[in-house]
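Take a look at the structure below.
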Amino acid sequence: NKATEATATYRLTPGPLPWSSKLHSADGPTLIIDLGQTDTDNIKVMEDLATSENDTYISLTQSLVLDMVRNSVTAIPTFRAQRVQTYTLDSSSPYLLSFSLDMDALPELSLTFSEAVDTSTLDVAEMSLQSAASLIVPETSYSFIPGALPNFTTTSSPDGRTLLINIGTVDANSVKRDRQLATRNTTTFLSFTQFAISDMANNSVTELSNMAAINVTNYTPDTTRPRLIQYSLNMSTDALVLTWDETVRVETLLASDITLQYAPYTNLPSVVLIHALRATTSRQLLDGNRSQTDSTLVEIYPSSSDMNDIKRLRNLATNVSNTYLTFSNALLQDMNSNQAMEIENGNGRQVTTFFPDLVEPVLSEFHVNMDLGTLHLVFNETVDAGTLSVDQITLQAAARSFMGRQRRLSFLSYDIYHNDSTDIVIQLSPVDLNTIKSVGGFGLATADTYISITSQLISDMNSNPVQWLPDGRARRAKTFISDTTSPRLVSFGVDLIFGEIMVTFDEPINASDAFVDFTAITIQNAFNSTESHTLSADCEVLSATNLSMVLTLNLSLADLMTLRRSNNLSTSAETTYMTITLSAFQDSATVPQSVVALEDGVTALRASYFVHYPLPGFTQVRPVAGRVSGGTLLTIDGGNFGPVPGMLGARQVDAFIDSRLCLTPRVTADNVTMECTSPAGKDGRSSQLLPIRLQIDDSSLIVDALDVFTYLDPPVISSVFPVAGTTRGDTLITVFGENFGPSTTSGEGPNVSIMIGGLTCSEVNITSSLYPLNMSVATCRTPPLPLGLHDIIITVDEVDFTLARGFRSLAPPSVSGIFPPSTYRRVNTTVNITGTAFGPTTASGNGRPLKVLLNDIPCLNPVVLETDTLVQCRVQPALGPNNITVLVDDVASTPSDVTFWHYDDPGELSFSDSVFYVSEEELFGNVTIVRQKAPLYASPVDVTIWARDGSTAVSGNHFMAENITRTLDAFVDSVSYPIRVTARDYEFDRLRKGRDDDVNISVVITGVVPRHGEGSTGRDETTLRIKAICQTITFYCVADWTPDTVLYYRTDELPTG
């Protein structure tokens, strides 16, 4: 392509035409060489060689040709190549010679042109496959879609005469989808426009119109079996979508060949029977619907039975990890009838995309069977029986409930089969079933039977709650089976007190009198009767309870009296049986069903309970004693007395004491309590235990209670203790005597009262009684009384006895003094307290209750030593001051200023200093003792000191020793002691004599005597130093002049500073 340094060269290939180049001309100066097709194509595809005169050069060797004398031609080397003189551009359009089509695994289209073509100019969109040479109906065609592999059609061939086009999957599958196109040689033709491709000189290809398409030369059919690439399962839309690697023929799909399983391998050798499948975690699709278009995508919609069976299996197809698919090669075929590549058990294909079930289940319909008592619910998909909550169901008479005609089921109703399924069958509990039966205009047919549910009723297998079906949109029953079962009498009871018979059935009964035939009811004395009574038509239905399954029949008076008077019939449950005929009762069904008959000797029914007047019972009588004259109101407790007067079933209950009739008897509490007034006792029968008899309605219903009542003689007081108390009252006194009756705590005694001075005592108790002997003891608290003596009157059951002037009323006590007035805190101390109104001496035996308190601490063992004026007791340890209170009959003494003290130890006694000073001109000098480490309430203490010569006196008038005692009272912490400086004459105006006179007085503690406790000493010695008065300068004295005066000091006492 250049004269020198060529970048593109091509050497011609000699050989025969048409493919190789060959000399064409005769001998002469001009050589004509015909270029073979191979050389032509190779040159044309070279983009920078021989495209014009500018890149067309020739070089040759000596071997090219010989002249006529066999001389070699002169060579033209490549570095001096000769440029073309004449260049003619290619202007001929290429045309298609032939083409081949391969529809197998990787579909290809091979095109052979008349010359090399430029592959970069290829536009496959301008090419079409068609089913015939001329595209007329019904022939078909398909134009390719350009783009990148693998989806779209393109070529990777180099420029050249032969072009290999790779058909993309979209085009290949589209061609395969057309059953008339490219299925064999005779249905494979190619057409294209001039824009399909160009040669190397940009000459457009010669067009092949769709009316003159060229037939395929070589056709390779599809022999590759289709292969599953991926699949998805959508449990919400019930869609199974299979994606294949090529178009498949949909009518060949055999959906029942697909098996879903929980793992790549299951040990089930053949999944063919639906009952076997239910026992495994695999599910064969028996009748799935399929998509209707040939495609690489096959959409299968399993039947509802398939999906529900799959959902029923808890370990299958609930997520990606337990969803696998297998099938045989019979599943389907591609467009050339190649069978699918099977996926066998052991190599199960895991789902590619899994969509869980997110759709709430719906109650599709329901059915009611009132005969069996079942409710059959049908859902649109499998539901989880374990999530069933029956109490979320309401059955009602219309789409919107009204007038109470509905029943919300109780938890007693239950799922019969408890299987995960689309069908849930509920056994209605007797309560639910009978409630529905008992409501009129409800549950009689489909027209009045509806259901409403909450979303909490049940969930599907993926925990989606059921769709709510609220009141107002309740669903009507699809089918309804009426109750055709006859009701049965299951039990009955008889109450001859109130004249009632209660009958109980196994289902609701029409309780209207018009539907009850009383004359069809017979009461008899045994299973095989020997005596019986048929009820009259005058009876009536008193009430209907328990959903009208229990009727209470009210007997007519004539029927009641007949049963009461009989000695053999209805005397107990054992002698009470019932028989009935069919007409006796009917149920409340749409078509009423007659009761099952009960026949004498065959099905006669014994009473489950029987109520009649039983024998009366006796528990107690209160009081158990009363005045012999009679008239004591008695309360008798027992049983079976009947209702109080005026109530239904009331009866006459009489009481007899010692064979004498009590007056005005009456029942005061139903069955258990009666009252009457005692008759007068028989002469000579007092103080004896007597019997009481109870009798019902003047009949043989009698009970005797032996030794339960006593007639009392009049009471007597023999003595009282104490005989005195304060005017404030509340003194507890004890009264001794006879005939007070039983103790108060027993609750069996007669009424007892005690009065003192005409006023009533409180808290009267009979505390001890040798009942039924005569000795008795009573206690009471006195009322407030004036000073003086007062009568005591005791009244027992309205009979009095008076003890004249039996009790003295005294003023409250007072305190005037105490001795000793104090004590040590840690000891018990006996004290004497003086005052007034302390009462008789304790030794007399008539003393009143006595207490002594110091603050709130009791003084132990208090006794009155002298009447009214002196009390002795033992004080307990304490600390500090104590107010004194004396309580006589719990009446406190009047406030006083008398105080008793508990002292602690006095503490440590010490001189306050080691040296004290006194001037020589004073008569007395002081030393001070202080109390240290003193506790609270330190005891008073006496401290004695001894003042003596300090061994410094040498004069004739020296100091004389002496003892001095002082007292530190309570709360006093120091005391001073005056000490005489000299013992004899004292010359006031004398000169200091220095060491010839007294200088120091020694003072020591010689005695510590505390009033209470133990004292101690600290600094127990000190010195009282006598300071001499210097009036002139001596050996021991010096002078100090000041502006005003001259001061003299002892040299050992010179001031410092």
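Ligands are numbered from 1 in the order shown, residues from 1 within each chain, and chains are lettered A, B, ... in the order they appear in the structure tokens.
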Exercise. Got a sec: who's within 10 Å of Gly839 in chain A, counting only C-alpha atoms, leaving out chain neighbours fewer than 2 positions off, as a PyMOL selection string?
Worked result: chain A and resi 722-726+810-813+836-837+841-842+846-850+864+866-871+888-889
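Here CA of Pro643 in chain A is placed at a distance of 18.0 Å from CA of Leu560 in chain A.
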Exercise. So which residues touch range 164-171 of chain A within 10 Å, counting only C-alpha atoms, skipping near sequence neighbours fewer than 6 positions away, as a PyMOL selection string?
Worked result: chain A and resi 99-103+106-112+119+122+124+142-158+177+245-247+296
Exercise. Hey, what's within 10 Å of range 464-477 of chain A if we count only C-alpha atoms and toss same-chain stuff fewer than 6 positions away? As a ChimeraX atom specification, please?
Worked result: /A:357-368,375-377,379,383-384,387,393-401,443,445-458
Produce a file of the selected residues containing N, CA and C atoms, as a compact mmCIF listing (two decimals), in the first residue's frame.
```
# COMPACT_ATOMS: atom_id res chain seq x y z
N ASP A 357 -47.70 -17.49 50.84
CA ASP A 357 -49.13 -17.18 50.81
C ASP A 357 -49.39 -16.00 51.73
N LEU A 358 -49.81 -14.88 51.16
CA LEU A 358 -50.11 -13.68 51.94
C LEU A 358 -51.58 -13.29 51.85
N VAL A 359 -52.39 -14.19 51.31
CA VAL A 359 -53.81 -13.89 51.10
C VAL A 359 -54.61 -14.52 52.24
N GLU A 360 -55.49 -13.73 52.85
CA GLU A 360 -56.29 -14.24 53.96
C GLU A 360 -57.34 -15.23 53.43
N PRO A 361 -57.56 -16.30 54.16
CA PRO A 361 -58.58 -17.26 53.75
C PRO A 361 -59.97 -16.67 53.89
N VAL A 362 -60.92 -17.25 53.17
CA VAL A 362 -62.30 -16.75 53.16
C VAL A 362 -63.24 -17.90 53.47
N LEU A 363 -64.21 -17.63 54.33
CA LEU A 363 -65.26 -18.61 54.57
C LEU A 363 -66.19 -18.61 53.35
N SER A 364 -66.16 -19.71 52.59
CA SER A 364 -66.93 -19.78 51.35
C SER A 364 -68.40 -20.08 51.61
N GLU A 365 -68.64 -21.00 52.51
CA GLU A 365 -70.01 -21.42 52.77
C GLU A 365 -70.04 -22.16 54.10
N PHE A 366 -71.23 -22.41 54.62
CA PHE A 366 -71.35 -23.23 55.82
C PHE A 366 -72.68 -23.98 55.78
N HIS A 367 -72.71 -25.09 56.52
CA HIS A 367 -73.86 -25.98 56.53
C HIS A 367 -74.20 -26.30 57.99
N VAL A 368 -75.47 -26.40 58.29
CA VAL A 368 -75.94 -26.66 59.65
C VAL A 368 -76.76 -27.93 59.66
N LEU A 375 -71.85 -28.00 62.80
CA LEU A 375 -71.68 -26.80 61.98
C LEU A 375 -70.49 -27.05 61.07
N HIS A 376 -70.74 -27.10 59.77
CA HIS A 376 -69.71 -27.43 58.78
C HIS A 376 -69.28 -26.15 58.07
N LEU A 377 -67.99 -25.76 58.29
CA LEU A 377 -67.44 -24.56 57.68
C LEU A 377 -66.58 -24.95 56.48
N PHE A 379 -63.85 -23.37 53.71
CA PHE A 379 -62.99 -22.24 53.39
C PHE A 379 -62.44 -22.40 51.98
N VAL A 383 -56.94 -24.47 56.00
CA VAL A 383 -56.74 -23.68 57.21
C VAL A 383 -56.12 -24.56 58.28
N ASP A 384 -55.47 -23.90 59.23
CA ASP A 384 -54.76 -24.57 60.32
C ASP A 384 -55.75 -24.85 61.43
N THR A 387 -55.43 -23.47 65.02
CA THR A 387 -55.68 -22.06 65.36
C THR A 387 -57.15 -21.75 65.56
N ILE A 393 -67.26 -17.39 66.59
CA ILE A 393 -68.38 -17.63 65.67
C ILE A 393 -69.68 -17.16 66.33
N THR A 394 -70.48 -16.43 65.58
CA THR A 394 -71.82 -16.07 66.03
C THR A 394 -72.82 -16.54 65.00
N LEU A 395 -73.75 -17.38 65.44
CA LEU A 395 -74.86 -17.76 64.58
C LEU A 395 -76.02 -16.83 64.89
N GLN A 396 -76.71 -16.35 63.85
CA GLN A 396 -77.76 -15.37 64.05
C GLN A 396 -78.89 -15.58 63.05
N ALA A 397 -80.00 -14.92 63.33
CA ALA A 397 -81.21 -15.17 62.56
C ALA A 397 -81.29 -14.37 61.27
N ALA A 398 -80.38 -13.42 61.06
CA ALA A 398 -80.41 -12.61 59.84
C ALA A 398 -79.02 -12.06 59.59
N ALA A 399 -78.86 -11.41 58.42
CA ALA A 399 -77.55 -10.84 58.09
C ALA A 399 -77.14 -9.83 59.15
N ARG A 400 -78.10 -9.12 59.71
CA ARG A 400 -77.83 -8.24 60.85
C ARG A 400 -78.66 -8.73 62.02
N SER A 401 -78.01 -9.00 63.13
CA SER A 401 -78.70 -9.60 64.27
C SER A 401 -79.72 -8.63 64.86
N GLY A 443 -82.59 -20.45 63.68
CA GLY A 443 -82.07 -21.81 63.55
C GLY A 443 -83.12 -22.83 63.19
N ALA A 445 -84.27 -22.93 59.67
CA ALA A 445 -84.08 -23.19 58.25
C ALA A 445 -82.94 -22.31 57.77
N THR A 446 -82.59 -22.44 56.47
CA THR A 446 -81.54 -21.58 55.93
C THR A 446 -81.94 -20.12 56.00
N ALA A 447 -83.23 -19.83 55.92
CA ALA A 447 -83.70 -18.46 55.87
C ALA A 447 -83.44 -17.71 57.17
N ASP A 448 -83.32 -18.40 58.29
CA ASP A 448 -83.07 -17.71 59.55
C ASP A 448 -81.81 -18.25 60.23
N THR A 449 -80.85 -18.67 59.41
CA THR A 449 -79.58 -19.16 59.95
C THR A 449 -78.43 -18.51 59.20
N TYR A 450 -77.74 -17.58 59.87
CA TYR A 450 -76.61 -16.84 59.29
C TYR A 450 -75.42 -16.99 60.21
N ILE A 451 -74.26 -16.66 59.67
CA ILE A 451 -73.03 -16.75 60.46
C ILE A 451 -72.22 -15.47 60.29
N SER A 452 -71.67 -14.98 61.39
CA SER A 452 -70.67 -13.90 61.35
C SER A 452 -69.46 -14.39 62.13
N ILE A 453 -68.28 -13.96 61.70
CA ILE A 453 -67.04 -14.42 62.32
C ILE A 453 -66.10 -13.24 62.46
N THR A 454 -65.13 -13.38 63.38
CA THR A 454 -64.05 -12.40 63.49
C THR A 454 -62.81 -12.97 62.83
N SER A 455 -61.84 -12.12 62.62
CA SER A 455 -60.59 -12.56 61.99
C SER A 455 -59.80 -13.48 62.90
N GLN A 456 -60.18 -13.60 64.16
CA GLN A 456 -59.48 -14.47 65.10
C GLN A 456 -60.02 -15.89 65.08
N LEU A 457 -61.00 -16.16 64.23
CA LEU A 457 -61.59 -17.50 64.20
C LEU A 457 -60.55 -18.55 63.85
N ILE A 458 -59.79 -18.34 62.78
CA ILE A 458 -58.85 -19.35 62.33
C ILE A 458 -57.87 -18.68 61.37
```
